[in-house]
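Everything on this sheet refers to the single structure shown next.
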Amino acid sequence: MNNIVAITACPTGIAHTYMAAEQLEKAAKSLGIQVKVETQGAMGIENALSLDEILQADCVVIVSDIELEKAERFSNSTIVRLAMEDVLTDAKAALQKQLPR
């Protein structure tokens with residue numbers, strides 16, 4: 001597992017969305033995993049994942065308490081769902097526990 005894409009989103013689309021994205025990026029880097037994180041917040045979709053990025057990723061990590069926009073993009077992907085609270089508390093542990101080996 002060395003390449004993932006992720007999507008973060010929360011009901012208000014402000015603080016937790018961006019905090020979770022930052023924590024995922026730091027955790028992935030410390031684990032030697034490449035990651036690109038799309039945020040779906042108050043400003044809409046930012047840092048949007050391309051179809052090519054999604055297809056090349058080993059898995060899609062979803063950190064969201066709400067329905068994602070354009071979720072159909074991930075229908076053929078391995079999806080790992082992480083709780084927002086777990087990512088904000090200890091993203092590295094959450095990734096290590098849930099990512100396929």
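Letters A, B, ... go to the chains of the structure tokens in the order shown; residues in each chain start at 1; ligands are counted from 1 in the same order.
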Do a neighbour search on range 17-27 of chain A at 12 Å with only C-alpha atoms, toss out local chain neighbours closer than 2 positions, and write the hits as an MDAnalysis selection string.
-> chainID A and resid 3:15 29:47 61:66 82:96
Given the selection you just returned, output its residues as a file containing C-alpha atoms, formatted as a short mmCIF file (atom, residue, chain, number, x, y, z; two decimals), in the first residue's frame.
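Everything below was put into result-v1.cif:
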```cif
data_model
loop_
_atom_site.label_atom_id
_atom_site.label_comp_id
_atom_site.auth_asym_id
_atom_site.auth_seq_id
_atom_site.Cartn_x
_atom_site.Cartn_y
_atom_site.Cartn_z
CA ASN A 3 -0.64 5.27 -3.01
CA ILE A 4 -4.02 6.37 -1.70
CA VAL A 5 -6.52 9.08 -2.41
CA ALA A 6 -8.81 10.47 0.25
CA ILE A 7 -11.91 12.59 0.62
CA THR A 8 -12.78 14.53 3.75
CA ALA A 9 -16.14 16.18 4.44
CA CYS A 10 -18.15 17.24 7.47
CA PRO A 11 -21.67 18.66 7.91
CA THR A 12 -20.60 22.31 8.09
CA GLY A 13 -17.68 21.88 5.72
CA ILE A 14 -15.37 24.13 7.63
CA ALA A 15 -12.94 23.14 10.38
CA LYS A 29 3.85 10.93 4.84
CA SER A 30 5.13 9.42 8.10
CA LEU A 31 4.07 5.96 6.85
CA GLY A 32 5.71 6.41 3.44
CA ILE A 33 2.37 6.52 1.64
CA GLN A 34 1.59 8.93 -1.19
CA VAL A 35 -1.75 10.64 -0.69
CA LYS A 36 -3.87 13.23 -2.42
CA VAL A 37 -6.79 14.57 -0.41
CA GLU A 38 -9.92 16.09 -1.88
CA THR A 39 -11.97 18.24 0.48
CA GLN A 40 -15.69 18.74 0.18
CA GLY A 41 -16.42 21.75 2.32
CA ALA A 42 -18.21 25.04 2.45
CA MET A 43 -16.37 26.08 -0.73
CA GLY A 44 -17.51 22.95 -2.61
CA ILE A 45 -15.06 20.38 -3.95
CA GLU A 46 -11.46 21.52 -3.63
CA ASN A 47 -8.33 19.72 -4.83
CA VAL A 61 -10.07 6.62 2.07
CA ILE A 62 -13.32 8.34 2.97
CA VAL A 63 -13.50 10.47 6.09
CA SER A 64 -16.99 11.88 6.07
CA ASP A 65 -20.07 12.25 8.23
CA ILE A 66 -22.18 13.30 5.24
CA LEU A 82 -12.45 6.18 8.67
CA ALA A 83 -14.31 7.99 11.43
CA MET A 84 -13.70 11.73 11.54
CA GLU A 85 -12.99 11.49 15.28
CA ASP A 86 -10.36 8.77 14.76
CA VAL A 87 -8.55 10.79 12.10
CA LEU A 88 -8.57 13.95 14.19
CA THR A 89 -7.36 12.05 17.27
CA ASP A 90 -4.67 9.85 15.68
CA ALA A 91 -4.69 9.65 11.89
CA LYS A 92 -1.57 7.48 11.75
CA ALA A 93 -3.11 4.80 13.98
CA ALA A 94 -6.40 4.99 12.06
CA LEU A 95 -4.60 4.44 8.75
CA GLN A 96 -2.44 1.61 10.08
#
```
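Taking the backbone of this structure through DSSP, the residues of range 9-86 of chain A that come out as strand (DSSP E or B) are A:Ala9, A:Gln34, A:Val35, A:Lys36, A:Val37, A:Glu38, A:Thr39, A:Gln40, A:Gly41, A:Gly44, A:Ile45, A:Glu46, A:Cys59, A:Val60, A:Val61, A:Ile62, A:Val63, A:Ser64, A:Ile79, A:Val80, A:Arg81.
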Interatomic distance (Å, one decimal) between CA of Arg73 in chain A and CA of His16 in chain A |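 Taking CA of Arg73 in chain A and CA of His16 in chain A, their separation equals 22.9 Å.
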Among chain A, which residues carry a DSSP assignment of alpha helix (DSSP H), reported as a ChimeraX atom specification?
-> /A:15-30,51-56,84-98
